[in-house]
Structures are given as structure tokens and as C-alpha cells.
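Everything below belongs to input-v3.txt, which stores compact mmCIF, C-alpha atoms.
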# COMPACT_ATOMS: atom_id res chain seq x y z
CA MET A 16 -36.62 -45.55 -20.12
CA ARG A 17 -36.45 -42.02 -18.70
CA ALA A 18 -34.51 -39.15 -20.27
CA ILE A 19 -34.10 -35.39 -19.88
CA ARG A 20 -35.40 -33.70 -23.01
CA VAL A 21 -35.33 -30.16 -24.35
CA LYS A 22 -38.66 -30.30 -26.16
CA GLN A 23 -39.99 -28.52 -29.23
CA LEU A 24 -36.68 -26.90 -30.14
CA ARG A 25 -37.76 -26.47 -33.74
CA GLN A 26 -41.15 -25.06 -32.77
CA GLY A 27 -39.82 -21.94 -31.08
CA ASN A 28 -41.37 -22.68 -27.68
CA PRO A 29 -38.92 -25.10 -26.00
CA SER A 30 -39.29 -26.58 -22.52
CA ILE A 31 -37.40 -29.03 -20.29
CA ALA A 32 -38.99 -32.32 -19.26
CA LEU A 33 -38.20 -35.68 -17.76
CA GLU A 34 -40.09 -38.10 -19.94
CA THR A 35 -40.32 -41.71 -20.97
CA VAL A 36 -38.78 -42.60 -24.32
CA ASP A 37 -38.20 -45.88 -26.15
CA ASP A 38 -35.44 -48.16 -24.89
CA PRO A 39 -32.48 -48.34 -27.31
CA VAL A 40 -32.04 -51.54 -29.31
CA ILE A 41 -28.92 -52.83 -31.05
CA SER A 42 -29.32 -52.71 -34.83
CA HIS A 43 -25.73 -53.44 -35.90
CA PRO A 44 -23.09 -55.84 -34.52
CA GLN A 45 -20.73 -52.92 -33.84
CA GLU A 46 -23.22 -51.26 -31.48
CA VAL A 47 -23.42 -51.32 -27.70
CA ILE A 48 -26.17 -50.54 -25.19
CA VAL A 49 -24.79 -48.59 -22.24
CA LYS A 50 -26.46 -48.32 -18.86
CA VAL A 51 -25.72 -44.80 -17.65
CA LEU A 52 -24.28 -44.44 -14.17
CA ALA A 53 -23.75 -40.68 -14.07
CA VAL A 54 -23.63 -37.58 -16.25
CA GLY A 55 -21.69 -34.42 -15.44
CA LEU A 56 -23.08 -30.95 -16.15
CA ASP A 57 -21.01 -28.04 -17.46
CA GLY A 58 -21.43 -24.58 -18.96
CA THR A 59 -22.73 -25.96 -22.24
CA ASP A 60 -25.43 -27.87 -20.38
CA LYS A 61 -26.28 -24.67 -18.53
CA GLU A 62 -26.84 -22.87 -21.84
CA ILE A 63 -28.88 -25.75 -23.24
CA LEU A 64 -31.08 -26.16 -20.16
CA GLN A 65 -31.50 -22.48 -19.31
CA GLU A 66 -31.51 -20.87 -22.75
CA LYS A 67 -33.10 -23.89 -24.49
CA TYR A 68 -30.13 -24.01 -26.85
CA GLY A 69 -29.33 -27.13 -28.88
CA VAL A 70 -30.01 -28.84 -32.19
CA PRO A 71 -32.14 -32.02 -32.19
CA PRO A 72 -31.46 -34.92 -34.55
CA GLN A 73 -32.66 -34.44 -38.10
CA GLY A 74 -36.41 -34.91 -38.37
CA GLU A 75 -37.01 -34.57 -34.62
CA ASP A 76 -38.11 -31.69 -32.39
CA ASP A 77 -36.64 -32.84 -29.05
CA LEU A 78 -33.07 -33.30 -27.82
CA THR A 79 -31.85 -35.54 -25.00
CA THR A 80 -29.15 -33.52 -23.27
CA GLY A 81 -25.90 -34.42 -21.49
CA HIS A 82 -22.43 -35.13 -22.93
CA GLU A 83 -20.17 -35.97 -19.94
CA SER A 84 -20.95 -39.62 -19.43
CA LEU A 85 -19.95 -42.61 -17.36
CA GLY A 86 -21.70 -45.92 -17.90
CA VAL A 87 -21.44 -49.68 -17.97
CA VAL A 88 -22.02 -51.88 -21.01
CA ALA A 89 -25.36 -53.65 -20.63
CA GLU A 90 -25.37 -55.38 -24.03
CA ALA A 91 -22.60 -55.62 -26.61
CA GLY A 92 -22.79 -56.41 -30.32
CA ALA A 93 -20.58 -59.24 -31.54
CA GLU A 94 -18.26 -56.84 -33.43
CA SER A 95 -18.22 -53.98 -30.91
CA GLY A 96 -15.05 -54.95 -29.07
CA PHE A 97 -16.85 -54.66 -25.72
CA GLN A 98 -18.62 -57.00 -23.35
CA ALA A 99 -21.25 -56.62 -20.66
CA GLY A 100 -19.84 -55.09 -17.50
CA ASP A 101 -17.21 -52.89 -19.17
CA LEU A 102 -16.94 -49.40 -17.69
CA VAL A 103 -17.01 -46.78 -20.47
CA THR A 104 -17.29 -43.16 -21.42
CA ALA A 105 -18.16 -41.82 -24.87
CA ILE A 106 -16.46 -39.42 -27.25
CA VAL A 107 -18.80 -36.49 -27.87
CA ARG A 108 -18.14 -35.29 -31.40
CA ARG A 109 -18.71 -37.38 -34.54
CA PRO A 110 -17.32 -36.71 -38.01
CA CYS A 111 -19.24 -34.85 -40.67
CA ARG A 112 -20.21 -36.66 -43.87
CA ASN A 113 -18.58 -34.16 -46.19
CA GLN A 114 -15.87 -35.96 -48.17
CA SER A 115 -13.92 -32.71 -48.55
CA CYS A 116 -13.24 -32.51 -44.78
CA VAL A 117 -9.81 -34.07 -44.53
CA ASN A 118 -9.80 -33.97 -40.73
CA CYS A 119 -13.07 -35.84 -40.26
CA ARG A 120 -11.98 -38.37 -42.87
CA ASN A 121 -8.81 -39.03 -40.85
CA GLY A 122 -10.15 -39.38 -37.31
CA HIS A 123 -9.88 -35.75 -36.26
CA SER A 124 -13.50 -34.63 -36.09
CA ASP A 125 -12.47 -32.24 -33.29
CA PHE A 126 -10.88 -30.24 -36.14
CA CYS A 127 -13.85 -30.47 -38.50
CA GLN A 128 -13.57 -27.87 -41.27
CA THR A 129 -17.18 -27.80 -42.44
CA GLY A 130 -19.06 -27.27 -39.17
CA GLU A 131 -21.33 -30.16 -40.16
CA PHE A 132 -20.13 -32.40 -37.32
CA VAL A 133 -22.51 -34.00 -34.82
CA GLU A 134 -22.13 -33.71 -31.03
CA ARG A 135 -24.12 -35.95 -28.73
CA GLY A 136 -26.39 -33.98 -26.43
CA ILE A 137 -25.55 -30.71 -28.18
CA LYS A 138 -25.91 -30.76 -31.95
CA GLY A 139 -27.69 -33.27 -34.15
CA ALA A 140 -27.68 -36.30 -31.84
CA HIS A 141 -29.23 -37.27 -28.52
CA GLY A 142 -27.02 -37.12 -25.46
CA PHE A 143 -26.50 -39.32 -22.44
CA LEU A 144 -28.79 -37.84 -19.76
CA SER A 145 -30.98 -40.93 -19.82
CA GLU A 146 -31.05 -44.38 -18.29
CA TYR A 147 -29.53 -46.06 -21.36
CA TYR A 148 -28.04 -45.08 -24.70
CA ARG A 149 -26.98 -46.88 -27.86
CA GLU A 150 -23.49 -46.27 -29.22
CA ASP A 151 -21.16 -47.44 -31.95
CA GLY A 152 -18.25 -49.18 -30.25
CA ARG A 153 -15.80 -46.98 -32.17
CA TYR A 154 -16.79 -44.01 -30.04
CA LEU A 155 -16.55 -45.65 -26.63
CA VAL A 156 -13.47 -45.42 -24.42
CA GLN A 157 -12.99 -48.06 -21.75
CA VAL A 158 -12.39 -46.66 -18.27
CA PRO A 159 -10.32 -48.66 -15.75
CA THR A 160 -12.27 -49.78 -12.70
CA ASP A 161 -9.93 -47.94 -10.33
CA LEU A 162 -11.34 -44.72 -11.83
CA LEU A 163 -14.95 -45.69 -11.15
CA GLU A 164 -15.61 -42.83 -8.72
CA HIS A 165 -14.08 -40.17 -10.97
CA GLY A 166 -14.71 -41.50 -14.47
CA VAL A 167 -17.43 -38.94 -15.12
CA LEU A 168 -14.63 -36.33 -15.23
CA VAL A 169 -12.85 -37.93 -18.18
CA GLU A 170 -14.67 -35.80 -20.77
CA PRO A 171 -13.92 -32.39 -19.17
CA GLN A 172 -10.33 -33.44 -18.48
CA SER A 173 -9.98 -34.45 -22.13
CA ILE A 174 -10.51 -30.79 -23.07
CA VAL A 175 -7.48 -29.80 -20.97
CA GLU A 176 -5.38 -32.62 -22.41
CA LYS A 177 -6.30 -31.67 -25.97
CA VAL A 178 -5.14 -28.09 -25.54
CA TRP A 179 -1.89 -29.09 -23.83
CA ASP A 180 -1.13 -31.50 -26.66
CA GLN A 181 -1.79 -28.77 -29.21
CA VAL A 182 0.35 -26.26 -27.36
CA LEU A 183 3.27 -28.69 -27.34
CA ARG A 184 2.87 -29.20 -31.08
CA VAL A 185 2.81 -25.46 -31.76
CA GLN A 186 5.81 -24.81 -29.52
CA GLN A 187 7.98 -27.18 -31.50
CA ARG A 188 8.70 -23.99 -33.45
CA LEU A 189 11.32 -23.11 -30.81
CA ILE A 190 13.03 -24.28 -27.65
CA TRP A 191 10.31 -23.75 -25.05
CA GLU A 192 10.83 -24.39 -21.37
CA PRO A 193 7.67 -23.06 -19.68
CA LYS A 194 7.81 -22.41 -15.97
CA THR A 195 4.69 -20.35 -15.21
CA ALA A 196 1.02 -20.84 -16.07
CA LEU A 197 -1.81 -18.38 -15.44
CA VAL A 198 -5.33 -19.81 -15.38
CA LEU A 199 -8.25 -17.41 -15.79
CA GLY A 200 -11.39 -18.76 -14.14
CA SER A 201 -12.02 -21.27 -11.35
CA GLY A 202 -14.92 -23.28 -12.72
CA PRO A 203 -14.46 -27.02 -13.26
CA LEU A 204 -12.40 -26.51 -16.41
CA GLY A 205 -10.18 -23.85 -14.82
CA LEU A 206 -9.55 -25.99 -11.75
CA LEU A 207 -8.76 -29.07 -13.83
CA ALA A 208 -6.39 -26.92 -15.91
CA ALA A 209 -4.71 -25.66 -12.74
CA ILE A 210 -4.07 -29.08 -11.20
CA THR A 211 -2.92 -30.43 -14.59
CA CYS A 212 -0.35 -27.66 -14.89
CA ARG A 213 0.85 -28.42 -11.38
CA LEU A 214 1.33 -32.08 -12.32
CA LEU A 215 3.29 -30.88 -15.35
CA GLY A 216 5.67 -29.08 -13.00
CA LEU A 217 4.56 -25.51 -13.68
CA ASP A 218 4.13 -22.72 -11.15
CA VAL A 219 0.39 -22.05 -11.30
CA TYR A 220 -1.53 -18.84 -10.63
CA VAL A 221 -5.32 -18.73 -10.82
CA TRP A 222 -7.13 -15.41 -11.25
CA SER A 223 -10.89 -15.57 -10.75
CA ARG A 224 -13.92 -13.90 -9.16
CA SER A 225 -14.43 -16.34 -6.29
CA PRO A 226 -13.35 -15.00 -2.87
CA GLN A 227 -10.25 -16.12 -1.03
CA ASP A 228 -12.25 -18.19 1.45
CA SER A 229 -14.08 -20.12 -1.31
CA LEU A 230 -13.71 -23.81 -2.05
CA GLN A 231 -12.32 -22.89 -5.45
CA ALA A 232 -9.47 -20.94 -3.83
CA GLN A 233 -8.77 -23.74 -1.37
CA LEU A 234 -8.60 -26.34 -4.14
CA VAL A 235 -6.06 -24.22 -5.99
CA LYS A 236 -3.94 -23.85 -2.87
CA ASP A 237 -4.21 -27.54 -2.01
CA CYS A 238 -2.63 -28.55 -5.31
CA GLY A 239 0.21 -26.07 -4.83
CA GLY A 240 -1.16 -23.15 -6.83
CA VAL A 241 -1.61 -19.50 -5.92
CA TYR A 242 -5.10 -18.01 -5.98
CA GLN A 243 -6.01 -14.38 -6.53
CA THR A 244 -9.51 -12.91 -6.39
CA ALA A 245 -10.11 -10.83 -9.51
CA ASP A 246 -10.18 -7.04 -9.24
CA GLU A 247 -8.74 -6.94 -5.73
CA ASP A 248 -5.46 -5.83 -7.28
CA GLY A 249 -6.64 -3.46 -10.01
CA GLY A 250 -7.17 -5.97 -12.80
CA LEU A 251 -5.41 -8.75 -14.66
CA THR A 252 -2.61 -6.62 -16.10
CA ALA A 253 -1.66 -5.20 -12.72
CA TYR A 254 -1.76 -8.67 -11.17
CA ALA A 255 0.42 -10.21 -13.89
CA GLU A 256 2.97 -7.41 -13.63
CA GLY A 257 3.01 -7.80 -9.85
CA LEU A 258 4.05 -11.44 -10.12
CA GLY A 259 7.46 -10.27 -11.29
CA LYS A 260 8.02 -13.28 -13.55
CA PRO A 261 7.34 -14.19 -17.19
CA ILE A 262 3.98 -15.84 -17.86
CA ASP A 263 4.67 -18.57 -20.39
CA PHE A 264 1.21 -20.11 -20.67
CA VAL A 265 -2.25 -18.60 -20.14
CA LEU A 266 -5.43 -20.67 -20.16
CA GLU A 267 -8.57 -18.55 -20.57
CA CYS A 268 -11.43 -20.58 -19.08
CA THR A 269 -14.03 -17.90 -18.32
CA GLY A 270 -15.54 -17.10 -21.73
CA PHE A 271 -15.31 -13.39 -20.83
CA SER A 272 -13.85 -12.10 -24.08
CA PRO A 273 -12.16 -8.89 -22.81
CA LEU A 274 -9.85 -11.07 -20.72
CA ALA A 275 -8.61 -12.80 -23.86
CA PHE A 276 -7.23 -9.55 -25.26
CA GLU A 277 -5.78 -8.49 -21.93
CA ALA A 278 -4.12 -11.89 -21.62
CA MET A 279 -2.36 -11.41 -24.95
CA ALA A 280 -0.63 -8.38 -23.50
CA VAL A 281 0.58 -10.10 -20.32
CA LEU A 282 2.07 -13.13 -22.11
CA ALA A 283 5.83 -13.47 -21.97
CA PRO A 284 7.84 -13.55 -25.21
CA ASN A 285 7.26 -16.88 -27.01
CA GLY A 286 4.27 -17.53 -24.74
CA VAL A 287 0.98 -19.19 -25.64
CA LEU A 288 -2.57 -18.12 -24.84
CA ALA A 289 -5.11 -20.96 -25.03
CA LEU A 290 -8.75 -19.93 -25.36
CA LEU A 291 -11.08 -22.55 -23.85
CA GLY A 292 -14.06 -20.45 -22.75
CA VAL A 293 -16.87 -19.83 -25.25
CA THR A 294 -18.32 -16.33 -25.39
CA PRO A 295 -22.14 -16.44 -25.69
CA ALA A 296 -22.88 -12.72 -26.16
CA ASP A 297 -22.01 -9.93 -28.63
CA ARG A 298 -19.82 -7.84 -26.33
CA LYS A 299 -17.70 -5.09 -27.91
CA LEU A 300 -14.38 -3.77 -26.64
CA GLU A 301 -11.99 -0.96 -27.50
CA ILE A 302 -8.39 -2.19 -27.54
CA SER A 303 -4.93 -0.75 -28.23
CA SER A 304 -4.66 -2.72 -31.45
CA ASP A 305 -1.29 -1.34 -32.62
CA MET A 306 0.43 -2.08 -29.32
CA LEU A 307 -1.13 -5.51 -29.12
CA ASN A 308 -0.18 -6.37 -32.68
CA GLN A 309 3.39 -5.14 -32.09
CA SER A 310 3.70 -7.26 -28.97
CA MET A 311 2.37 -10.40 -30.68
CA VAL A 312 4.70 -10.02 -33.67
CA LEU A 313 7.93 -8.87 -32.06
CA GLU A 314 7.72 -11.32 -29.16
CA ASN A 315 6.59 -14.38 -31.13
CA LYS A 316 3.45 -14.88 -29.07
CA CYS A 317 0.81 -17.40 -30.06
CA VAL A 318 -2.97 -17.58 -29.51
CA ILE A 319 -4.86 -20.82 -30.12
CA GLY A 320 -8.48 -21.77 -29.69
CA SER A 321 -9.43 -25.30 -28.68
CA VAL A 322 -12.72 -27.14 -28.38
CA ASN A 323 -13.78 -30.75 -28.03
CA ALA A 324 -11.35 -33.67 -27.94
CA ALA A 325 -10.32 -36.87 -29.72
CA ARG A 326 -9.79 -40.42 -28.46
CA LYS A 327 -6.15 -39.78 -27.65
CA ASP A 328 -7.17 -36.89 -25.39
CA PHE A 329 -9.74 -39.07 -23.59
CA GLU A 330 -7.08 -41.70 -22.96
CA THR A 331 -4.60 -39.12 -21.70
CA ALA A 332 -7.34 -37.74 -19.45
CA ILE A 333 -7.74 -41.17 -17.85
CA TYR A 334 -4.02 -41.29 -17.10
CA ARG A 335 -4.06 -37.76 -15.71
CA LEU A 336 -7.06 -38.33 -13.43
CA GLN A 337 -5.33 -41.40 -12.01
CA GLN A 338 -2.22 -39.29 -11.45
CA MET A 339 -4.27 -36.58 -9.70
CA GLU A 340 -5.74 -39.12 -7.30
CA ARG A 341 -2.29 -40.53 -6.49
CA VAL A 342 -0.60 -37.19 -5.92
CA TYR A 343 -3.51 -35.16 -4.50
CA SER A 344 -5.74 -37.84 -3.00
CA GLY A 345 -9.30 -36.62 -2.34
CA TRP A 346 -8.96 -33.47 -4.46
CA LEU A 347 -11.27 -34.77 -7.20
CA ASP A 348 -13.95 -35.71 -4.66
CA ARG A 349 -14.13 -32.08 -3.55
CA LEU A 350 -14.41 -30.81 -7.12
CA VAL A 351 -17.89 -32.38 -7.41
CA THR A 352 -19.98 -30.18 -5.12
CA ASN A 353 -23.50 -31.27 -6.09
CA ARG A 354 -24.96 -34.72 -6.76
CA MET A 355 -28.59 -35.08 -7.77
CA LYS A 356 -31.14 -37.46 -9.21
CA LEU A 357 -32.56 -37.30 -12.72
CA GLU A 358 -35.83 -35.89 -11.38
CA ALA A 359 -34.08 -32.73 -10.13
CA VAL A 360 -32.67 -31.63 -13.49
CA PRO A 361 -35.71 -29.85 -15.04
CA LYS A 362 -35.87 -27.37 -12.16
CA LEU A 363 -32.13 -27.13 -11.51
CA ASP A 364 -30.83 -23.69 -10.52
CA PHE A 365 -27.27 -23.54 -11.84
CA ALA A 366 -26.56 -20.56 -9.58
CA SER A 367 -26.77 -22.94 -6.62
CA ILE A 368 -23.82 -25.02 -7.88
CA PRO A 369 -20.49 -23.85 -6.40
CA ILE A 370 -18.31 -25.82 -8.82
CA LYS A 371 -19.45 -29.08 -10.42
CA ALA A 372 -22.76 -30.95 -10.56
CA VAL A 373 -23.19 -34.62 -11.38
CA VAL A 374 -26.49 -36.37 -12.08
CA ASP A 375 -26.48 -39.90 -10.66
CA ILE A 376 -28.72 -42.05 -12.83
CA VAL A 377 -27.83 -45.06 -10.67
CA PRO A 378 -27.11 -44.59 -6.93
CA VAL A 379 -23.34 -44.51 -6.36
CA GLU A 380 -23.44 -47.37 -3.87
CA GLN A 381 -24.72 -49.67 -6.64
CA TRP A 382 -22.03 -48.88 -9.21
CA ARG A 383 -19.40 -51.38 -8.20
CA GLY A 384 -21.85 -54.26 -8.36
CA LEU A 385 -22.63 -53.47 -12.00
CA VAL A 386 -19.05 -53.22 -13.23
CA LYS A 387 -16.99 -56.33 -13.77
CA GLN A 388 -13.27 -56.38 -13.07
CA THR A 389 -11.38 -56.33 -16.36
CA ILE A 390 -7.80 -56.82 -17.39
CA GLU A 391 -5.71 -53.66 -17.39
CA VAL A 392 -6.66 -51.44 -20.33
CA GLU A 393 -3.87 -50.56 -22.75
CA TYR A 394 -3.82 -46.94 -23.92
CA SER A 395 -1.67 -45.09 -26.45
CA PHE A 396 -0.94 -41.44 -25.78
CA SER A 397 1.79 -38.92 -24.98
CA VAL A 398 1.94 -36.62 -21.98

Take the structure I supplied and represent it as C-alpha cells, if you would.
Amino acid sequence: MRAIRVKQLRQGNPSIALETVDDPVISHPQEVIVKVLAVGLDGTDKEILQEKYGVPPQGEDDLTTGHESLGVVAEAGAESGFQAGDLVTAIVRRPCRNQSCVNCRNGHSDFCQTGEFVERGIKGAHGFLSEYYREDGRYLVQVPTDLLEHGVLVEPQSIVEKVWDQVLRVQQRLIWEPKTALVLGSGPLGLLAAITCRLLGLDVYVWSRSPQDSLQAQLVKDCGGVYQTADEDGGLTAYAEGLGKPIDFVLECTGFSPLAFEAMAVLAPNGVLALLGVTPADRKLEISSDMLNQSMVLENKCVIGSVNAARKDFETAIYRLQQMERVYSGWLDRLVTNRMKLEAVPKLDFASIPIKAVVDIVPVEQWRGLVKQTIEVEYSFSV
């Protein structure tokens, strides 16, 4: 089969290649072979493909990339819980083997304490940017067939659902009735955060660098949010003050670290700042630390970081994507701005992608013929 590989990562001279690798074979009755339909690309993939970042499996030099997957079961082990034709996505992070990590031992590898976790397509395990992959059935999530066209977005949406779930848990410390959310950044994650907050009944403001006539701005407006181009108003603080209302919830989705500190200052009393963007550099910043500390303490503000997601978050993401399509029909179609074949990935210029790129391993028009209609999937989650 064909796969996108970052080659020679351990040799110090990595390169990107589309190459032929061995077909996966079931070796345990709990395993499944998945035929990949599509793989989404995000900022992590950009770093891996452009900066040749990533950790190959132990004993190997190459890494198959890609972690946002949608596929159909081609072959299912007798104890996997799946059958051929099931539409699935895969949880990305796997637990560490350290017995002292209470979170990994209890199904919460997204809160791994040791840092020894494995992430498919990123750290220690091959990803999904290939024609097939082998997976333990425990890490697959069945996707309903009515979400066939948008199932590749389950993984990024799970990140938003995870942070909202965590915020609700933290805010059990008080009576919290949020009304206003401020989203920083209008990439795929920022836009998914914005429409999610709208579905949750919040007034949503998005502050980002894209111009007012951009697709990003139009998507925000079309789901009932307000869009502001960054720096047209003198900066984030001036913009937040100009809104004339408390900002209860801020989602930082840019990875530009100075914004995180500025966002702490604009939070309303009892508000929460969720950090979702990863900062890749070693930027330094001078801040008014005393004033910031005073504000955080006296006004009971909270800052949380969130990364990755668990099964519950994937299942909630499925529900939320279905809700998006019902309430804002066609919005998700416009979020995916670039579709390409596997052959185009090695020379992909990420600067040419307005919002979201998806690699179609199988042509879209063939998908429905590969997926069998299943009974309605039962999920367990809270929204």
C-alpha cells in the first residue's frame, strides 16, 4: 500500500516521500484493518511535514503521518466489536506503559502524567495518511453514516469538546452563567470553537488576522458571531474593552503566546481562559506581572491548558457536528477549502490553504458504496 512518510527522522536528514509499505495484517482477534477514506491536515501536520518534526516508532527511522482520520472497516477480528463496512475514526493518543500513571491506567491518556504516551502519526506510532491501517478495536469510534461527508472533522471537533467539558468541571466551583465567548484565531480550530459556542447559546466574538472580506470572517458571521480583524482597533485589550460587556470565556487558538497573557487581563471576574494553541518558538515577553497576578487572584479567574481528547470527547464531537449541519446547513462544507490526492502531499504548500485541507485517499464519490448502513450508534456523553 502507499503511505506518506517522514523518512530518516533519527538520522538527522529527514525528507517527505510517498512510498510503498507493507499492507497491515491482523495479528490479534481484537484488531481491525481500516481502509482510509480521508485524512485531515492541521497545524501539527504542518510542523511535521515542513519542519520534519515527529517521533517514529521504536526501532524505526520513518514515520507515517496523519492523525485526523475517517475510514471504513475492511476486515474485523472476531473480538474487535466491528464488522466490515463500519464507518470509523480513531482516537489519537494511547496510554503510556508506566504503572505509576493513574490517568493512563484509568482510560484518561489525554491526561498522561509521564509524557510517555504514544500518538498516532505524531509520536511513537505510525499515523493514518496511508491506504490502510491496523488498529485495536478499543481505539476506534464508530461514525454514523449520516456524518459520512463530515466525519473527518470528528478529531478536531473532539479538541473543542474536551476543553468545554473541562471548563464546565472547573466552573462547578461557583455559579457560572457565561454569556460571552471570545475566540482568538480563525483557523479550523478557532472556527469550530466559534460555531460550538454559538450552539451553546453564547454571544461569540472572533478576533483574528484574516481580513473582513475573508471566508473565515464570513463563516463567523454566518453562524451568528461577530468578526474583528486583529490590530484594526489598536489590539486585543482595546477591542475587548470596546465590546462593553464581560468576557466570560476566552479560547486561545492561535499559539501566539503574547495573546495568552493579554487574554488573562481581559477576562471578566470568574472567567476562564482556555489555551488550545501550541507555541513552537522561544518568544519572550515583558508583562505587568503584579497587575496580572492581582487580577487573577482577586477576580477568581482561571487558566487551563488542553490538548488531545478521549473517547467521550470524540462521541460528543459526533453529536455536535450533526447539530451544526442541522442548524447551519452547508457551513461545514465551506470549512474544508482544499481537497487533494495522496500524491500532492509531499510538495504541499501550507500557505496556499485558506482554512482546512483534506487528503482524499479514496475519491469522495466512491465513499458511500464502501460503507454499509448500520443500526443507529449509541453514544454516552454530556453536552

Next item on the list: Check the smallest atom-to-atom distance from each of A:Leu385, A:Val281, A:Leu266, A:Val379 to Val178 (chain A) using all atoms listed in the file, then report the winner.
Entry: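 Using all atoms listed in the file, the shortest distance to Val178 (chain A) belongs to A:Leu266.
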
Tell me, as a short mmCIF file (atom, residue, chain, number, x, y, z; two decimals) with C-alpha atoms, in the coordinates of the input, which residues lie within 10 Å of Val351 (chain A), counting only C-alpha atoms; anything in the same chain fewer than 3 positions away does not count.
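This is the output file around-v4.cif:
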data_model
loop_
_atom_site.label_atom_id
_atom_site.label_comp_id
_atom_site.auth_asym_id
_atom_site.auth_seq_id
_atom_site.Cartn_x
_atom_site.Cartn_y
_atom_site.Cartn_z
CA GLY A 55 -21.69 -34.42 -15.44
CA HIS A 165 -14.08 -40.17 -10.97
CA LEU A 168 -14.63 -36.33 -15.23
CA PRO A 203 -14.46 -27.02 -13.26
CA TRP A 346 -8.96 -33.47 -4.46
CA LEU A 347 -11.27 -34.77 -7.20
CA ASP A 348 -13.95 -35.71 -4.66
CA ARG A 354 -24.96 -34.72 -6.76
CA ILE A 368 -23.82 -25.02 -7.88
CA PRO A 369 -20.49 -23.85 -6.40
CA ILE A 370 -18.31 -25.82 -8.82
CA LYS A 371 -19.45 -29.08 -10.42
CA ALA A 372 -22.76 -30.95 -10.56
CA VAL A 373 -23.19 -34.62 -11.38
#

Next item on the list: Identify, on the basis of only C-alpha atoms, every residue whose closest approach to Val117 (chain A) does not exceed 10 Å; exclude the query and any residue fewer than 6 positions from it along the same chain; express the result as a ChimeraX atom specification.
Entry: /A:123-124,126-129

Checklist line | Counting only C-alpha atoms, the option among A:Ser344, A:Gln157, A:Thr211, A:Thr59 closest to Lys177 (chain A) | finding: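 The closest residue to Lys177 (chain A) is A:Thr211.
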
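Closest approach to Ile174 (chain A) among A:Gln26, A:Ser321, A:Ser310, A:Gln114 is made by A:Ser321 (distances from all atoms listed in the file).
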
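CA of Pro378 (chain A) is found 17.0 Å from CA of Val103 (chain A).
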
Margin query: Please list as number ranges by chain every residue within 12 Å of region 237-241 of chain A, counting only C-alpha atoms and excluding residues in the same chain fewer than 5 positions away.
Written below: A: 195-198, 201, 206-223, 227, 230-232, 258, 339-340, 342-347, 349-350

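Interatomic distance, CA of Pro29 (chain A) against CA of His141 (chain A): 15.8 Å.
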
Notebook entry, point to check: At what distance in Å, to one decimal, does CA of Ile302 (chain A) lie from CA of Asp246 (chain A)?
Noted result: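 Value for the CA of Asp246 (chain A)-CA of Ile302 (chain A) distance: 19.0 Å.
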
Check: Using all atoms listed in the file, which of A:Gly58, A:Gln181, A:Val40, A:Gly122 sits nearest Gly270 (chain A)?
Finding: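 Closest residue, counting all atoms listed in the file: A:Gly58.
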